[in-house]
Structure formats: C-alpha cells, structure tokens
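With PDB, C-alpha atoms, pLDDT in the B column inside, this is upload35.pdb:
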```pdb
ATOM      1  CA  MET W 215     119.885 126.592  70.739  1.00 55.00           C
ATOM      2  CA  VAL W 216     123.426 125.391  71.371  1.00 54.00           C
ATOM      3  CA  ILE W 217     125.544 127.426  73.733  1.00 52.00           C
ATOM      4  CA  PRO W 218     129.163 127.564  72.608  1.00 49.00           C
ATOM      5  CA  SER W 219     131.305 126.108  75.342  1.00 47.00           C
ATOM      6  CA  ALA W 220     134.773 127.223  76.276  1.00 47.00           C
ATOM      7  CA  LYS W 221     137.600 125.451  74.540  1.00 52.00           C
ATOM      8  CA  VAL W 222     138.298 122.302  76.549  1.00 54.00           C
ATOM      9  CA  ALA W 223     141.939 121.290  76.693  1.00 56.00           C
ATOM     10  CA  ALA W 224     142.567 117.657  75.912  1.00 67.00           C
ATOM     11  CA  LYS W 225     144.193 115.726  78.728  1.00 86.00           C
ATOM     12  CA  HIS W 226     147.136 113.546  77.847  1.00 88.00           C
ATOM     13  CA  LYS W 227     148.161 110.890  80.360  1.00 93.00           C
ATOM     14  CA  PHE W 228     151.306 108.853  79.811  1.00 94.00           C
ATOM     15  CA  VAL W 229     152.825 106.190  82.048  1.00 95.00           C
ATOM     16  CA  ILE W 230     156.460 105.094  82.163  1.00 94.00           C
ATOM     17  CA  ASP W 231     156.834 101.723  83.878  1.00 94.00           C
ATOM     18  CA  TYR W 232     160.347 101.145  85.221  1.00 92.00           C
ATOM     19  CA  SER W 233     159.555  98.294  87.606  1.00 92.00           C
ATOM     20  CA  LYS W 234     162.001  95.735  86.107  1.00 91.00           C
ATOM     21  CA  PRO W 235     165.178  97.881  86.329  1.00 91.00           C
ATOM     22  CA  ALA W 236     164.078  99.227  89.727  1.00 89.00           C
ATOM     23  CA  ALA W 237     163.656  95.685  91.061  1.00 89.00           C
ATOM     24  CA  ASP W 238     167.318  95.027  90.247  1.00 89.00           C
ATOM     25  CA  GLN W 239     168.399  98.260  92.000  1.00 88.00           C
ATOM     26  CA  VAL W 240     169.715  99.658  88.682  1.00 89.00           C
ATOM     27  CA  PHE W 241     167.235 102.488  88.108  1.00 87.00           C
ATOM     28  CA  ASP W 242     166.380 105.316  90.518  1.00 89.00           C
ATOM     29  CA  GLY W 243     162.851 106.649  90.104  1.00 89.00           C
ATOM     30  CA  ALA W 244     163.443 109.785  92.195  1.00 90.00           C
ATOM     31  CA  ASP W 245     166.324 110.890  89.956  1.00 93.00           C
ATOM     32  CA  PHE W 246     164.241 110.195  86.859  1.00 93.00           C
ATOM     33  CA  GLU W 247     161.336 112.235  88.226  1.00 93.00           C
ATOM     34  CA  LYS W 248     163.676 115.161  88.964  1.00 94.00           C
ATOM     35  CA  PHE W 249     165.208 114.831  85.478  1.00 93.00           C
ATOM     36  CA  LEU W 250     161.765 115.046  83.873  1.00 93.00           C
ATOM     37  CA  ASN W 251     160.820 118.055  86.010  1.00 92.00           C
ATOM     38  CA  ASP W 252     163.990 119.854  84.945  1.00 92.00           C
ATOM     39  CA  ARG W 253     163.925 118.898  81.256  1.00 91.00           C
ATOM     40  CA  ILE W 254     160.305 118.921  80.031  1.00 91.00           C
ATOM     41  CA  LYS W 255     159.644 121.971  77.892  1.00 89.00           C
ATOM     42  CA  VAL W 256     156.316 123.777  77.945  1.00 88.00           C
ATOM     43  CA  GLU W 257     155.931 126.414  75.229  1.00 86.00           C
ATOM     44  CA  GLY W 258     159.675 126.276  74.529  1.00 86.00           C
ATOM     45  CA  LYS W 259     160.797 126.831  78.121  1.00 87.00           C
ATOM     46  CA  THR W 260     162.236 124.262  80.509  1.00 87.00           C
ATOM     47  CA  GLY W 261     161.370 124.152  84.191  1.00 82.00           C
ATOM     48  CA  GLN W 262     158.047 125.967  83.792  1.00 84.00           C
ATOM     49  CA  LEU W 263     155.566 123.142  84.095  1.00 86.00           C
ATOM     50  CA  GLY W 264     153.078 125.053  86.229  1.00 84.00           C
ATOM     51  CA  GLU W 265     149.571 123.608  86.165  1.00 87.00           C
ATOM     52  CA  ASN W 266     149.944 122.383  82.582  1.00 89.00           C
ATOM     53  CA  VAL W 267     152.090 119.296  83.214  1.00 91.00           C
ATOM     54  CA  LYS W 268     151.975 117.094  86.303  1.00 92.00           C
ATOM     55  CA  ILE W 269     154.582 114.424  87.061  1.00 92.00           C
ATOM     56  CA  VAL W 270     153.658 111.873  89.732  1.00 93.00           C
ATOM     57  CA  ARG W 271     155.753 108.919  90.874  1.00 93.00           C
ATOM     58  CA  ASP W 272     153.674 105.897  91.890  1.00 90.00           C
ATOM     59  CA  GLY W 273     155.731 103.931  94.378  1.00 85.00           C
ATOM     60  CA  ASN W 274     158.915 102.454  92.971  1.00 87.00           C
ATOM     61  CA  SER W 275     157.571 101.262  89.648  1.00 91.00           C
ATOM     62  CA  LYS W 276     155.815 103.960  87.601  1.00 94.00           C
ATOM     63  CA  ILE W 277     155.853 107.630  86.691  1.00 95.00           C
ATOM     64  CA  THR W 278     152.681 109.218  85.355  1.00 94.00           C
ATOM     65  CA  VAL W 279     152.877 112.384  83.261  1.00 93.00           C
ATOM     66  CA  THR W 280     149.582 114.230  82.828  1.00 93.00           C
ATOM     67  CA  SER W 281     149.398 117.208  80.498  1.00 92.00           C
ATOM     68  CA  SER W 282     146.638 119.677  79.643  1.00 91.00           C
ATOM     69  CA  VAL W 283     148.643 121.155  76.754  1.00 89.00           C
ATOM     70  CA  PRO W 284     149.589 119.311  73.554  1.00 87.00           C
ATOM     71  CA  PHE W 285     152.207 116.770  74.550  1.00 86.00           C
ATOM     72  CA  SER W 286     153.910 114.037  72.577  1.00 89.00           C
ATOM     73  CA  LYS W 287     154.456 110.486  73.785  1.00 91.00           C
ATOM     74  CA  ARG W 288     157.541 110.427  71.566  1.00 94.00           C
ATOM     75  CA  TYR W 289     158.980 113.375  73.529  1.00 92.00           C
ATOM     76  CA  LEU W 290     158.785 111.300  76.723  1.00 94.00           C
ATOM     77  CA  LYS W 291     160.627 108.453  75.006  1.00 94.00           C
ATOM     78  CA  TYR W 292     163.304 110.913  73.872  1.00 95.00           C
ATOM     79  CA  LEU W 293     163.773 112.245  77.416  1.00 94.00           C
ATOM     80  CA  THR W 294     163.813 108.736  78.888  1.00 94.00           C
ATOM     81  CA  LYS W 295     166.535 107.640  76.458  1.00 95.00           C
ATOM     82  CA  LYS W 296     168.487 110.793  77.265  1.00 95.00           C
ATOM     83  CA  PHE W 297     168.284 109.963  80.999  1.00 94.00           C
ATOM     84  CA  LEU W 298     169.449 106.399  80.367  1.00 93.00           C
ATOM     85  CA  LYS W 299     172.398 107.641  78.307  1.00 94.00           C
ATOM     86  CA  LYS W 300     173.340 110.170  81.001  1.00 94.00           C
ATOM     87  CA  ASN W 301     173.450 107.395  83.610  1.00 92.00           C
ATOM     88  CA  SER W 302     175.281 104.924  81.319  1.00 92.00           C
ATOM     89  CA  LEU W 303     172.303 102.563  81.282  1.00 90.00           C
ATOM     90  CA  ARG W 304     171.478 102.868  77.588  1.00 90.00           C
ATOM     91  CA  ASP W 305     173.526  99.762  76.724  1.00 91.00           C
ATOM     92  CA  TRP W 306     171.410  97.507  78.972  1.00 92.00           C
ATOM     93  CA  ILE W 307     167.936  99.049  79.105  1.00 92.00           C
ATOM     94  CA  ARG W 308     165.567  99.885  76.263  1.00 93.00           C
ATOM     95  CA  VAL W 309     162.309 101.823  76.083  1.00 94.00           C
ATOM     96  CA  VAL W 310     159.387  99.841  74.647  1.00 94.00           C
ATOM     97  CA  ALA W 311     155.794 100.920  74.039  1.00 94.00           C
ATOM     98  CA  SER W 312     153.657  98.329  75.804  1.00 92.00           C
ATOM     99  CA  GLY W 313     150.342 100.121  75.269  1.00 92.00           C
ATOM    100  CA  LYS W 314     148.802 103.170  73.666  1.00 94.00           C
ATOM    101  CA  ASP W 315     149.887 105.516  76.451  1.00 93.00           C
ATOM    102  CA  VAL W 316     152.437 103.324  78.255  1.00 95.00           C
ATOM    103  CA  TYR W 317     156.191 102.955  77.930  1.00 95.00           C
ATOM    104  CA  GLN W 318     158.062 100.200  79.687  1.00 95.00           C
ATOM    105  CA  LEU W 319     161.772  99.992  80.474  1.00 93.00           C
ATOM    106  CA  ARG W 320     163.136  96.525  79.771  1.00 92.00           C
ATOM    107  CA  PHE W 321     166.523  94.879  79.764  1.00 91.00           C
ATOM    108  CA  TYR W 322     167.895  93.743  76.423  1.00 88.00           C
ATOM    109  CA  ASN W 323     167.566  90.001  75.873  1.00 82.00           C
ATOM    110  CA  ILE W 324     171.082  88.643  75.792  1.00 75.00           C
ATOM    111  CA  SER W 325     171.145  84.917  75.199  1.00 70.00           C
ATOM    112  CA  THR W 326     174.301  83.095  76.195  1.00 66.00           C
ATOM    113  CA  ASP W 327     174.482  79.856  74.265  1.00 59.00           C
ATOM    114  CA  ASP W 328     177.571  77.793  74.969  1.00 53.00           C
ATOM    115  CA  ALA W 329     176.893  75.715  71.846  1.00 49.00           C
ATOM    116  CA  GLU W 330     177.518  78.708  69.563  1.00 51.00           C
ATOM    117  CA  GLU W 331     180.855  79.450  71.215  1.00 51.00           C
ATOM    118  CA  GLU W 332     182.109  75.884  70.712  1.00 49.00           C
ATOM    119  CA  ASP W 333     181.581  75.911  66.920  1.00 47.00           C
TER     120      ASP W 333
END
```
Show me this structure written as structure tokens.
Amino acid sequence: MVIPSAKVAAKHKFVIDYSKPAADQVFDGADFEKFLNDRIKVEGKTGQLGENVKIVRDGNSKITVTSSVPFSKRYLKYLTKKFLKKNSLRDWIRVVASGKDVYQLRFYNISTDDAEEED
C-alpha cells in the first residue's frame, strides 16, 4: 500500500556570478542584493518574499536565489538587466547563461584594432 505524501515543492536554486565587474570596482553586490529583495514578485506582490524566496550573497562574487515556489531563471535575467540599466552599466556589462542554473555578468568584448582605423 502506498501512502500519498504531501505535495513537495520543487526547489529552484539560481546563481548570479558578478565576480568580473566586482573585481574592477564597477558593480556593487550589496546594492544588487537589496534591488532583488525589493523587486522580486511572489504571487504578484513585491517585497513579500517570506520563506518562499531566499537571497544570499556569497562574498563579493555571487548571489544565490533559492525558491520553493515556481520561479523563472528568465525573470532573474530580466531583473539583472533592469538593475544594470538603472545604474548605467547596461552598455558595458551583459548577462550570459554559463550553466543550467547560473548567470554570469561579463564585459562586452571590444577589440581595438589600429589596423582597421588606418584603412
């Protein structure tokens, strides 16, 4: 006989790695963590994370978002891009998926070739 178990909520764990911009003193992890706390919506309401969503900053390189309610990785990318735009960093930093549950903030590759300018 199988005993029906209670509905187990799936855990979603996402990591945003901002070590490269933070190393150049361009990106502030504490401000980003506060931004996420203020902006993430749970059941259509902002600022009510409760026990459902946890945001933890790991040193000066990563933020981990753990959710027990349905949560989209794409939503985190949207909020990250919104933060970058707010701080006028969107022109230099991009958000790239570097793994299944990992986003990484990288600088755009801008090559400066003197040979192209001379032509």
Distance CA of Ile230 in chain W-CA of Lys296 in chain W, one decimal place? 14.2 Å
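Picked by the PyMOL selection byres ((chain W and resi 264-266) around 6) from the coordinates shown: Gln262, Leu263, Val267, Ser281 and Ser282 of chain W.
Each of W:Phe241, W:Phe246, W:Tyr322, W:Phe228 was compared to Leu293 in chain W using only C-alpha atoms, and W:Phe246 turns out to be the nearest.
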To one decimal place in Å, what is the distance between CA of Pro284 in chain W and CA of Gly313 in chain W? 19.3 Å
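Candidate residues W:Thr260, W:Thr280, W:Gln239, W:Ser275 were compared for distance to Lys227 in chain W, and the nearest is W:Thr280, using all atoms listed in the file.
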CA of Lys287 in chain W and CA of Ala311 in chain W, how far apart in Å? 9.7 Å
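Among W:Thr294, W:Ser302, W:Ser286, W:Ser312, the residue with the shortest atom-to-atom distance to Leu250 in chain W, counting all atoms listed in the file, is W:Thr294.
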Spell out the residues picked by the PyMOL selection byres ((chain W and resi 309) around 12) here, as number ranges by chain. W: 230-232, 234-235, 287-288, 290-299, 303-308, 310-312, 316-322
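Counting only C-alpha atoms and comparing W:Ala237, W:Val283, W:Ile324, W:Ala244, the residue that lies closest to Lys268 in chain W is W:Val283.
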Spatial neighbours of Thr278 in chain W, 6 Å, only C-alpha atoms, chain gap at least 4 places, as a PyMOL selection string: chain W and resi 228-229+269-270
Give me, as a PyMOL selection string, all polymer residues having an atom no more than 7 Å from Asn274 in chain W, counting only C-alpha atoms and skipping those fewer than 5 positions away in the same chain. chain W and resi 233+236+243
